[in-house]
$ cat structure_27.txt   # compact mmCIF, C-alpha atoms and all ligand atoms
# COMPACT_ATOMS: atom_id res chain seq x y z
CA MET A 701 -1.71 22.33 14.10
CA SER A 702 -4.46 23.76 11.93
CA ALA A 703 -4.91 20.85 9.48
CA THR A 704 -7.57 18.15 9.79
CA LEU A 705 -5.96 14.88 10.84
CA ILE A 706 -6.87 12.06 8.45
CA ASP A 707 -6.83 9.35 11.11
CA GLY A 708 -6.17 5.88 9.70
CA LYS A 709 -7.65 4.09 12.74
CA PRO A 710 -11.39 4.69 12.21
CA ILE A 711 -11.09 4.70 8.41
CA SER A 712 -9.28 1.35 8.33
CA ALA A 713 -11.63 -0.05 10.99
CA ALA A 714 -14.61 0.81 8.78
CA VAL A 715 -13.02 -0.93 5.77
CA LYS A 716 -12.20 -4.01 7.87
CA ALA A 717 -15.75 -4.11 9.25
CA LYS A 718 -17.18 -4.05 5.70
CA VAL A 719 -14.81 -6.84 4.66
CA ALA A 720 -15.84 -8.90 7.70
CA ALA A 721 -19.55 -8.40 6.92
CA GLU A 722 -19.07 -9.36 3.25
CA ALA A 723 -16.92 -12.36 4.22
CA ALA A 724 -19.67 -13.57 6.58
CA ARG A 725 -22.19 -13.22 3.74
CA LEU A 726 -19.94 -15.18 1.32
CA ALA A 727 -19.53 -17.97 3.88
CA ARG A 728 -23.28 -18.09 4.60
CA ASP A 729 -24.57 -17.87 1.02
CA HIS A 730 -21.80 -19.59 -0.93
CA GLY A 731 -19.74 -21.60 1.57
CA LEU A 732 -16.74 -19.54 0.44
CA VAL A 733 -14.01 -18.43 2.88
CA PRO A 734 -11.44 -16.16 1.18
CA GLY A 735 -7.86 -17.27 1.87
CA LEU A 736 -4.72 -15.12 1.81
CA ALA A 737 -1.22 -16.59 1.55
CA VAL A 738 1.61 -14.32 2.68
CA VAL A 739 5.14 -15.40 1.80
CA LEU A 740 8.15 -14.02 3.65
CA VAL A 741 11.68 -14.90 2.61
CA GLY A 742 14.29 -14.11 5.25
CA GLU A 743 13.98 -12.51 8.66
CA ASP A 744 13.92 -8.75 8.11
CA PRO A 745 12.46 -7.53 11.45
CA ALA A 746 10.16 -4.87 9.92
CA SER A 747 8.80 -7.35 7.35
CA THR A 748 8.24 -9.91 10.11
CA VAL A 749 6.11 -7.37 12.03
CA TYR A 750 4.04 -6.48 8.93
CA VAL A 751 3.47 -10.12 8.09
CA ARG A 752 2.30 -10.79 11.64
CA ASN A 753 -0.06 -7.74 11.49
CA LYS A 754 -1.46 -8.94 8.17
CA GLY A 755 -2.07 -12.46 9.48
CA LYS A 756 -3.85 -11.15 12.59
CA ALA A 757 -6.06 -8.75 10.62
CA THR A 758 -6.91 -11.51 8.12
CA ILE A 759 -8.19 -13.83 10.83
CA GLU A 760 -10.06 -11.01 12.62
CA ALA A 761 -11.99 -10.31 9.39
CA GLY A 762 -13.04 -13.97 9.16
CA LEU A 763 -10.70 -14.80 6.28
CA ARG A 764 -8.25 -17.71 6.18
CA SER A 765 -4.55 -16.88 6.61
CA PHE A 766 -1.67 -18.99 5.33
CA GLU A 767 1.83 -17.87 6.33
CA HIS A 768 4.89 -19.23 4.55
CA LYS A 769 8.17 -18.25 6.17
CA LEU A 770 11.16 -19.35 4.14
CA PRO A 771 14.82 -19.08 5.13
CA GLU A 772 16.99 -16.28 3.69
CA HIS A 773 18.97 -18.77 1.53
CA THR A 774 15.83 -20.09 -0.26
CA SER A 775 16.54 -20.36 -4.00
CA GLU A 776 14.46 -18.61 -6.65
CA ALA A 777 13.41 -22.05 -7.97
CA GLU A 778 12.12 -23.07 -4.51
CA LEU A 779 10.14 -19.84 -4.18
CA LEU A 780 8.69 -20.25 -7.70
CA ALA A 781 7.70 -23.84 -6.81
CA LEU A 782 5.82 -22.60 -3.72
CA ILE A 783 4.03 -19.96 -5.83
CA ALA A 784 3.02 -22.65 -8.34
CA ARG A 785 1.51 -24.68 -5.49
CA LEU A 786 -0.37 -21.64 -4.14
CA ASN A 787 -1.61 -20.78 -7.66
CA ALA A 788 -3.10 -24.28 -7.89
CA ASP A 789 -4.58 -24.34 -4.35
CA PRO A 790 -8.33 -23.59 -4.49
CA THR A 791 -8.39 -22.49 -0.81
CA VAL A 792 -5.88 -19.70 -1.57
CA HIS A 793 -7.48 -16.70 -3.31
CA GLY A 794 -4.76 -14.12 -2.69
CA ILE A 795 -0.96 -14.40 -2.77
CA LEU A 796 1.40 -11.73 -1.42
CA VAL A 797 5.17 -12.11 -1.48
CA GLN A 798 6.59 -9.57 0.96
CA LEU A 799 9.11 -7.27 -0.74
CA PRO A 800 12.01 -6.82 -0.89
CA VAL A 801 13.11 -10.43 -1.47
CA PRO A 802 16.81 -11.30 -0.92
CA ALA A 803 19.14 -10.03 -3.67
CA HIS A 804 19.78 -13.49 -5.19
CA ILE A 805 16.07 -13.72 -6.15
CA ASP A 806 14.69 -11.82 -9.16
CA SER A 807 11.62 -10.03 -7.78
CA GLN A 808 10.10 -9.55 -11.26
CA ALA A 809 10.27 -13.30 -11.94
CA VAL A 810 8.47 -13.89 -8.64
CA ILE A 811 5.78 -11.27 -9.31
CA GLN A 812 5.15 -12.62 -12.80
CA ALA A 813 4.82 -16.17 -11.48
CA ILE A 814 1.78 -15.21 -9.37
CA SER A 815 -1.52 -15.87 -11.09
CA PRO A 816 -2.94 -12.40 -11.97
CA ASP A 817 -6.28 -13.49 -10.44
CA LYS A 818 -4.57 -14.06 -7.07
CA ASP A 819 -2.22 -11.04 -7.25
CA VAL A 820 -3.70 -9.08 -4.31
CA ASP A 821 -0.65 -6.76 -4.39
CA GLY A 822 -1.61 -5.68 -7.92
CA LEU A 823 2.00 -5.91 -9.07
CA HIS A 824 1.68 -8.38 -11.96
CA PRO A 825 2.11 -6.56 -15.31
CA MET A 826 -1.37 -7.83 -16.23
CA ASN A 827 -2.84 -5.88 -13.31
CA SER A 828 -0.65 -2.76 -13.62
CA GLY A 829 -1.38 -2.75 -17.35
CA ARG A 830 -5.10 -3.12 -16.77
CA LEU A 831 -5.02 -0.25 -14.24
CA ALA A 832 -3.15 1.95 -16.71
CA SER A 833 -5.67 1.04 -19.43
CA GLY A 834 -8.68 1.87 -17.27
CA LEU A 835 -9.80 -1.78 -17.04
CA ALA A 836 -10.95 -3.64 -13.93
CA ALA A 837 -7.86 -4.81 -12.03
CA LEU A 838 -6.46 -5.81 -8.68
CA VAL A 839 -4.89 -2.52 -7.55
CA PRO A 840 -1.96 -2.24 -5.09
CA CYS A 841 -3.19 -1.89 -1.50
CA THR A 842 -1.24 1.18 -0.38
CA PRO A 843 -2.41 3.33 -3.33
CA LEU A 844 -6.00 2.16 -2.72
CA GLY A 845 -5.60 3.21 0.90
CA CYS A 846 -4.24 6.63 -0.10
CA LEU A 847 -7.21 7.29 -2.38
CA HIS A 848 -9.69 6.15 0.25
CA MET A 849 -8.17 8.51 2.84
CA LEU A 850 -8.17 11.41 0.38
CA LYS A 851 -11.82 10.89 -0.38
CA THR A 852 -12.77 11.16 3.30
CA VAL A 853 -11.82 14.85 3.18
CA ARG A 854 -12.36 15.59 -0.54
CA PRO A 855 -14.83 13.28 -2.31
CA GLN A 856 -14.48 15.08 -5.68
CA LEU A 857 -10.88 15.20 -6.92
CA ALA A 858 -11.47 16.23 -10.57
CA GLY A 859 -9.27 19.07 -11.78
CA LEU A 860 -6.98 19.16 -8.74
CA GLU A 861 -3.19 19.32 -9.16
CA ALA A 862 -1.65 16.18 -7.68
CA VAL A 863 2.06 15.70 -7.13
CA VAL A 864 3.31 12.20 -6.26
CA VAL A 865 6.90 12.07 -5.00
CA GLY A 866 8.23 8.57 -5.75
CA ARG A 867 7.77 6.31 -8.80
CA SER A 868 7.94 2.76 -7.49
CA ASN A 869 5.72 0.05 -8.97
CA LEU A 870 4.36 -0.65 -5.46
CA VAL A 871 3.33 2.91 -4.54
CA GLY A 872 4.23 5.94 -6.68
CA LYS A 873 3.15 4.78 -10.14
CA PRO A 874 -0.17 3.17 -9.11
CA VAL A 875 -1.08 6.15 -6.86
CA ALA A 876 -0.51 8.38 -9.87
CA GLN A 877 -2.73 6.13 -12.03
CA LEU A 878 -5.55 6.22 -9.49
CA LEU A 879 -5.35 10.02 -9.23
CA LEU A 880 -5.34 10.30 -13.03
CA ALA A 881 -8.42 8.07 -13.16
CA GLU A 882 -10.04 10.55 -10.71
CA ASN A 883 -9.30 13.32 -13.25
CA CYS A 884 -6.50 15.00 -11.31
CA THR A 885 -3.66 16.66 -13.20
CA VAL A 886 -0.81 14.43 -12.08
CA THR A 887 2.92 15.05 -11.79
CA ILE A 888 5.23 12.21 -10.75
CA ALA A 889 8.45 13.44 -9.15
CA HIS A 890 11.55 11.39 -8.31
CA SER A 891 15.23 11.62 -7.45
CA ARG A 892 16.08 13.33 -10.75
CA THR A 893 13.34 15.96 -10.52
CA ARG A 894 14.70 19.51 -10.67
CA ASP A 895 13.63 21.90 -7.89
CA LEU A 896 11.44 19.40 -6.04
CA PRO A 897 10.25 21.97 -3.45
CA ALA A 898 8.82 24.15 -6.25
CA VAL A 899 7.11 21.15 -7.88
CA CYS A 900 5.57 20.14 -4.54
CA ARG A 901 4.31 23.70 -3.94
CA ARG A 902 2.04 23.34 -7.01
CA ALA A 903 0.16 20.45 -5.40
CA ASP A 904 -3.42 20.56 -4.14
CA ILE A 905 -2.78 16.90 -3.30
CA LEU A 906 0.74 15.97 -2.23
CA VAL A 907 1.63 12.28 -1.89
CA ALA A 908 5.03 11.44 -0.38
CA ALA A 909 6.34 7.91 -1.11
CA VAL A 910 10.10 8.36 -0.96
CA GLY A 911 11.51 6.50 2.03
CA ARG A 912 13.47 9.48 3.37
CA PRO A 913 12.58 10.61 6.90
CA GLU A 914 10.89 14.05 6.96
CA MET A 915 12.34 15.04 3.57
CA LEU A 916 9.28 17.11 2.59
CA ARG A 917 9.34 20.30 4.66
CA GLY A 918 6.48 22.57 5.66
CA ASP A 919 7.43 25.23 3.12
CA TRP A 920 7.09 22.66 0.28
CA VAL A 921 3.36 22.51 1.03
CA LYS A 922 0.90 24.81 -0.72
CA PRO A 923 -1.46 26.46 1.80
CA GLY A 924 -4.63 24.35 2.01
CA ALA A 925 -3.13 21.28 0.30
CA ILE A 926 -4.02 17.72 1.33
CA VAL A 927 -0.90 15.77 2.34
CA ILE A 928 -0.74 11.96 2.22
CA ASP A 929 2.41 10.58 3.84
CA VAL A 930 3.18 7.01 2.75
CA GLY A 931 6.69 6.93 4.23
CA ILE A 932 7.53 4.44 6.96
CA ASN A 933 10.98 5.24 8.36
CA ARG A 934 12.32 3.68 11.53
CA VAL A 935 14.73 6.11 13.22
CA PRO A 936 16.64 6.07 16.54
CA ALA A 937 14.69 7.56 19.44
CA GLY A 938 17.37 7.38 22.16
CA GLU A 939 17.96 4.75 24.85
CA GLY A 940 18.35 2.12 22.12
CA LYS A 941 14.73 2.59 21.08
CA THR A 942 13.35 3.42 17.65
CA ARG A 943 10.27 5.24 16.40
CA LEU A 944 8.43 5.51 13.09
CA ILE A 945 8.32 8.75 11.13
CA GLY A 946 7.05 9.61 7.69
CA ASP A 947 8.55 11.25 4.62
CA VAL A 948 6.90 14.56 5.60
CA ALA A 949 7.95 16.87 8.45
CA PHE A 950 4.55 16.44 10.08
CA ALA A 951 4.45 19.34 12.57
CA GLU A 952 5.59 21.88 9.95
CA ALA A 953 3.31 20.58 7.21
CA ALA A 954 0.29 20.40 9.54
CA GLU A 955 0.51 24.19 9.99
CA ILE A 956 0.11 24.79 6.24
CA ALA A 957 -2.00 21.90 4.90
CA SER A 958 -5.78 21.63 5.15
CA ALA A 959 -5.56 17.91 5.93
CA ILE A 960 -2.74 15.46 6.58
CA THR A 961 -2.19 11.77 7.41
CA PRO A 962 -0.08 10.80 10.45
CA VAL A 963 2.73 8.22 10.66
CA PRO A 964 2.20 5.82 12.31
CA GLY A 965 -1.58 5.47 12.32
CA GLY A 966 -2.10 6.61 8.74
CA VAL A 967 -1.58 4.98 5.36
CA GLY A 968 0.05 1.86 6.87
CA LEU A 969 -3.20 0.87 8.59
CA MET A 970 -5.08 1.35 5.32
CA THR A 971 -2.63 -0.90 3.45
CA VAL A 972 -3.56 -3.83 5.65
CA ALA A 973 -7.31 -3.09 5.43
CA CYS A 974 -7.15 -2.80 1.62
CA LEU A 975 -5.23 -6.09 1.42
CA LEU A 976 -8.22 -7.78 3.06
CA ALA A 977 -10.57 -6.01 0.66
CA ASN A 978 -8.46 -7.18 -2.30
CA THR A 979 -8.50 -10.77 -0.99
CA LEU A 980 -12.29 -10.65 -0.73
CA LYS A 981 -12.48 -9.21 -4.25
CA ALA A 982 -10.14 -11.86 -5.65
CA ALA A 983 -12.12 -14.67 -3.98
CA SER A 984 -15.43 -13.30 -5.30
CA MET A 985 -14.08 -12.99 -8.84
CA GLN A 986 -12.61 -16.50 -8.76
CA ALA A 987 -16.02 -17.83 -7.69
CA GLY A 988 -17.74 -15.94 -10.53
CA LEU A 989 -19.52 -13.64 -8.07
CA PRO A 990 -19.72 -9.84 -8.41
CA ALA A 991 -16.91 -7.97 -6.60
CA PRO A 992 -18.27 -6.47 -3.36
CA GLN A 993 -18.11 -2.67 -3.13
CA ILE A 994 -15.88 -1.74 -0.19
N1 LIG A 1001 2.47 2.88 4.48
C1 LIG A 1001 2.58 1.78 3.76
O1 LIG A 1001 1.70 0.94 3.78
C2 LIG A 1001 3.74 1.57 2.88
C3 LIG A 1001 4.82 2.37 3.07
N2 LIG A 1001 5.89 2.28 2.26
C4 LIG A 1001 6.95 3.25 2.51
O2 LIG A 1001 6.87 4.26 1.50
C5 LIG A 1001 8.15 4.72 1.15
C6 LIG A 1001 8.37 4.50 -0.33
O3 LIG A 1001 8.27 3.12 -0.62
P1 LIG A 1001 8.61 2.52 -2.06
O4 LIG A 1001 7.84 3.26 -3.09
O5 LIG A 1001 8.46 1.06 -1.95
O6 LIG A 1001 10.17 2.92 -2.14
P2 LIG A 1001 11.24 2.84 -3.33
O7 LIG A 1001 12.56 2.94 -2.66
O8 LIG A 1001 10.94 1.72 -4.22
O9 LIG A 1001 10.98 4.19 -4.15
C7 LIG A 1001 11.33 5.44 -3.64
C8 LIG A 1001 11.07 6.51 -4.67
O10 LIG A 1001 11.45 7.76 -4.10
C9 LIG A 1001 12.32 8.43 -4.99
N3 LIG A 1001 13.33 9.21 -4.26
C10 LIG A 1001 14.33 8.73 -3.48
N4 LIG A 1001 15.06 9.76 -3.02
C11 LIG A 1001 14.53 10.88 -3.51
C12 LIG A 1001 14.86 12.26 -3.41
N5 LIG A 1001 15.89 12.67 -2.68
N6 LIG A 1001 14.08 13.15 -4.05
C13 LIG A 1001 13.04 12.74 -4.79
N7 LIG A 1001 12.67 11.45 -4.93
C14 LIG A 1001 13.41 10.54 -4.30
C15 LIG A 1001 12.99 7.37 -5.83
O11 LIG A 1001 13.37 7.96 -7.05
P3 LIG A 1001 14.13 7.15 -8.24
O12 LIG A 1001 13.07 6.32 -8.88
O13 LIG A 1001 14.64 8.24 -9.12
O14 LIG A 1001 15.19 6.35 -7.57
C16 LIG A 1001 11.88 6.32 -5.97
O15 LIG A 1001 11.08 6.58 -7.07
C17 LIG A 1001 9.11 3.95 2.07
O16 LIG A 1001 9.30 4.72 3.25
C18 LIG A 1001 8.34 2.69 2.41
O17 LIG A 1001 8.73 2.15 3.65
C19 LIG A 1001 5.91 1.39 1.22
C20 LIG A 1001 4.87 0.54 0.99
C21 LIG A 1001 3.70 0.54 1.85
N1 LIG A 1002 4.58 -7.22 -1.48
C1 LIG A 1002 4.53 -6.22 -0.62
N2 LIG A 1002 3.38 -5.54 -0.46
C2 LIG A 1002 3.30 -4.51 0.45
O1 LIG A 1002 2.24 -3.87 0.58
C3 LIG A 1002 4.47 -4.20 1.22
C4 LIG A 1002 5.64 -4.93 0.99
N3 LIG A 1002 5.64 -5.94 0.08
N4 LIG A 1002 6.78 -4.64 1.67
C5 LIG A 1002 6.83 -3.59 2.66
C6 LIG A 1002 5.77 -2.54 2.47
C7 LIG A 1002 5.44 -1.78 3.74
N5 LIG A 1002 4.07 -2.12 4.05
C8 LIG A 1002 3.41 -1.76 5.22
C9 LIG A 1002 2.32 -2.45 5.69
C10 LIG A 1002 1.72 -2.12 6.89
C11 LIG A 1002 2.18 -1.09 7.63
C12 LIG A 1002 1.53 -0.78 8.94
O2 LIG A 1002 0.71 -1.53 9.43
N6 LIG A 1002 1.84 0.34 9.57
C13 LIG A 1002 1.28 0.73 10.85
C14 LIG A 1002 2.07 0.20 12.05
C15 LIG A 1002 3.54 0.17 11.83
C16 LIG A 1002 4.38 -0.28 13.02
O3 LIG A 1002 4.03 0.06 14.17
O4 LIG A 1002 5.42 -0.92 12.76
C17 LIG A 1002 1.21 2.24 10.89
O5 LIG A 1002 1.78 2.91 10.00
O6 LIG A 1002 0.57 2.78 11.80
C18 LIG A 1002 3.25 -0.36 7.18
C19 LIG A 1002 3.85 -0.68 5.97
C20 LIG A 1002 3.58 -2.95 3.10
N7 LIG A 1002 4.48 -3.19 2.16
$ encode --input "structure_27.txt" --output "C-alpha cells"
Amino acid sequence: MSATLIDGKPISAAVKAKVAAEAARLARDHGLVPGLAVVLVGEDPASTVYVRNKGKATIEAGLRSFEHKLPEHTSEAELLALIARLNADPTVHGILVQLPVPAHIDSQAVIQAISPDKDVDGLHPMNSGRLASGLAALVPCTPLGCLHMLKTVRPQLAGLEAVVVGRSNLVGKPVAQLLLAENCTVTIAHSRTRDLPAVCRRADILVAAVGRPEMLRGDWVKPGAIVIDVGINRVPAGEGKTRLIGDVAFAEAAEIASAITPVPGGVGLMTVACLLANTLKAASMQAGLPAPQI
C-alpha cells in the first residue's frame, strides 16, 4: 500500500477530547450539561450496536445520554408523541432517531417533528435548507466527519474535483454541499449515472456512500486521489462470522490513491465523534452561548 492511511482512531479521539473539554467548561461556567436522546425503534442488530456505541461515547465525553428503545410495532403517533416530549424537555439538547425506522412509519414525518434546534442529525429540511443556502446549520454527522478527515491530509480543498457516489439525505447530498462550500467542483453520482468508473476517475476527492461492498475498484481511482469510504457493509467471513467492509476495494485503491480511509476504523468513528460535537453545539445555541469551535 502506498497511500497514507487516514486513521479514524486518533482523529476521532481528538474531536472527542475537545468535546469533553468544552463540556467540562460549560458545566463549570454555566451549569449546563448537554443531553443527547437517541431513539431506536425495533431491534435491528447493527442499529442496536451503533446506539450502544453512541451512548457510551456520550457518557465518556461528560454529556448526558437518554436512550429510548421502542418495540418494532410502535405506531407513528406514539413515536411522534415521544418526540414532542423530547422537544419540550430542557435537559435534552439533541435528538437522534436511528434510521431506518420500520416501514409502517413515515421517516419524513418523524424527521420534521424534531425541533430544528435539537436536530443533531441535520436532517430537518430547515437544517438541510440552511446548509444549502450557506447559513449556519446543524450539519449531518457523517458528512462532517468526512470533511474533517479530508482536511487532515489536504487543508485547502478549493478547485479540486470531487465526486460523491450516493445521493442520500443522510450522507451523499450533505457531503456534496460541504465540498461545494469548500469550493470544490462537485459531481454527485448515483445508480442512474452513466459510466460510473469514468466519472470516478475524474475525482481528486472520491467519496463512496453507496452501501455496496467493494463496488469501487482500484482502477476507478485517479492516481493521487484522496478516497473517503463511508460504506459499512457486513459480509460473511466464514465459520458463521461476519466482518465489516467498505464500498471501496481497499487494497486495490490504496495502491493508486494518495490517501484513503479504512473500514472499520474510519468514517464510522468520526460519525460518533461529530454527533457529540453537534450535541455540544446544539446545547450552546439553545443556551444563547457561542457555538464552540471543534
Ligand atoms: N460510516 C458511517 O458513519 C455511515 C455509514 N453509512 C453507510 O454508507 C452507505 C450509504 O448509506 P446511505 O447514504 O444511508 O445509503 P442509501 O441506501 O440511502 O443511498 C445509497 C446511494 O447509493 C446509490 N447507489 C446504489 N447502488 C448504486 C450503484 N450500483 N451505482 C451507483 N450508485 C448507487 C443510490 O442511488 P439512487 O439514489 O439512484 O438509488 C443512493 O443514492 C451504507 O453502506 C451505509 O451503511 C451510512 C451512514 C453513516
Ligand atoms: N439517524 C441516523 N443517523 C446516523 O448517523 C445513522 C443512522 N441513523 N443509521 C445508521 C447509520 C450508520 N451509522 C454509523 C455510526 C457509527 C458507526 C461506527 O461506529 N463504526 C465503527 C465500528 C463499527 C462496528 O464495529 O460495528 C467503524 O466503522 O469502525 C458506523 C455507522 C450512523 N448512521
$ atom_distance --input "structure_27.txt" --atom1 "atom O13 of ligand LIG 1001 (chain A)" --atom2 "atom CA of Thr885 of chain A"
20.6 Å
$ atom_distance --input "structure_27.txt" --atom1 "atom C4 of ligand LIG 1001 (chain A)" --atom2 "atom CA of Leu786 of chain A"
26.8 Å
$ atom_distance --input "structure_27.txt" --atom1 "atom CA of Ala949 of chain A" --atom2 "atom CA of Leu916 of chain A"
6.0 Å
$ residues_near_ligand --input "structure_27.txt" --ligand "ligand LIG 1002 (chain A)" --cutoff "6 Å" --atoms "only C-alpha atoms and all ligand atoms" --output "PyMOL selection string"
chain A and resi 750+796-799+821+963-966+968-969+971-972
$ residues_near_ligand --input "structure_27.txt" --ligand "ligand LIG 1001 (chain A)" --cutoff "6 Å" --atoms "only C-alpha atoms and all ligand atoms" --output "tab-separated table (two decimals) with C-alpha atoms, keeping the file's coordinate frame"
chain	number	residue	atom	x	y	z
A	842	THR	CA	-1.24	1.18	-0.38
A	865	VAL	CA	6.90	12.07	-5.00
A	866	GLY	CA	8.23	8.57	-5.75
A	867	ARG	CA	7.77	6.31	-8.80
A	868	SER	CA	7.94	2.76	-7.49
A	870	LEU	CA	4.36	-0.65	-5.46
A	871	VAL	CA	3.33	2.91	-4.54
A	872	GLY	CA	4.23	5.94	-6.68
A	890	HIS	CA	11.55	11.39	-8.31
A	891	SER	CA	15.23	11.62	-7.45
A	892	ARG	CA	16.08	13.33	-10.75
A	909	ALA	CA	6.34	7.91	-1.11
A	910	VAL	CA	10.10	8.36	-0.96
A	911	GLY	CA	11.51	6.50	2.03
A	930	VAL	CA	3.18	7.01	2.75
A	931	GLY	CA	6.69	6.93	4.23
A	932	ILE	CA	7.53	4.44	6.96
A	933	ASN	CA	10.98	5.24	8.36
A	967	VAL	CA	-1.58	4.98	5.36
A	968	GLY	CA	0.05	1.86	6.87
A	971	THR	CA	-2.63	-0.90	3.45
$ residues_around --input "structure_27.txt" --residues "segment 770-778 of chain A" --least-positions-apart "6" --cutoff "6 Å" --atoms "all atoms listed in the file" --output "ChimeraX atom specification"
/A:741-742,805
$ decode --input "structure_27.txt" --residues "segment 756-774 of chain A" --atoms "C-alpha atoms" --output "PDB file, in the first residue's frame"
ATOM      1  CA  LYS A 756     -21.073   5.016  25.664  1.00  0.00           C
ATOM      2  CA  ALA A 757     -19.225   7.795  23.809  1.00  0.00           C
ATOM      3  CA  THR A 758     -21.758  10.369  25.042  1.00  0.00           C
ATOM      4  CA  ILE A 759     -21.154   9.496  28.676  1.00  0.00           C
ATOM      5  CA  GLU A 760     -17.356   9.309  28.204  1.00  0.00           C
ATOM      6  CA  ALA A 761     -17.403  12.911  26.904  1.00  0.00           C
ATOM      7  CA  GLY A 762     -19.262  14.066  30.024  1.00  0.00           C
ATOM      8  CA  LEU A 763     -22.595  14.560  28.250  1.00  0.00           C
ATOM      9  CA  ARG A 764     -25.936  13.141  29.382  1.00  0.00           C
ATOM     10  CA  SER A 765     -27.331  10.202  27.395  1.00  0.00           C
ATOM     11  CA  PHE A 766     -31.007   9.268  27.146  1.00  0.00           C
ATOM     12  CA  GLU A 767     -31.815   6.038  25.306  1.00  0.00           C
ATOM     13  CA  HIS A 768     -35.353   5.280  24.175  1.00  0.00           C
ATOM     14  CA  LYS A 769     -35.817   1.767  22.830  1.00  0.00           C
ATOM     15  CA  LEU A 770     -39.274   1.227  21.403  1.00  0.00           C
ATOM     16  CA  PRO A 771     -40.734  -2.047  20.136  1.00  0.00           C
ATOM     17  CA  GLU A 772     -40.911  -2.733  16.380  1.00  0.00           C
ATOM     18  CA  HIS A 773     -44.738  -2.380  16.376  1.00  0.00           C
ATOM     19  CA  THR A 774     -44.660   1.182  17.835  1.00  0.00           C
TER      20      THR A 774
END
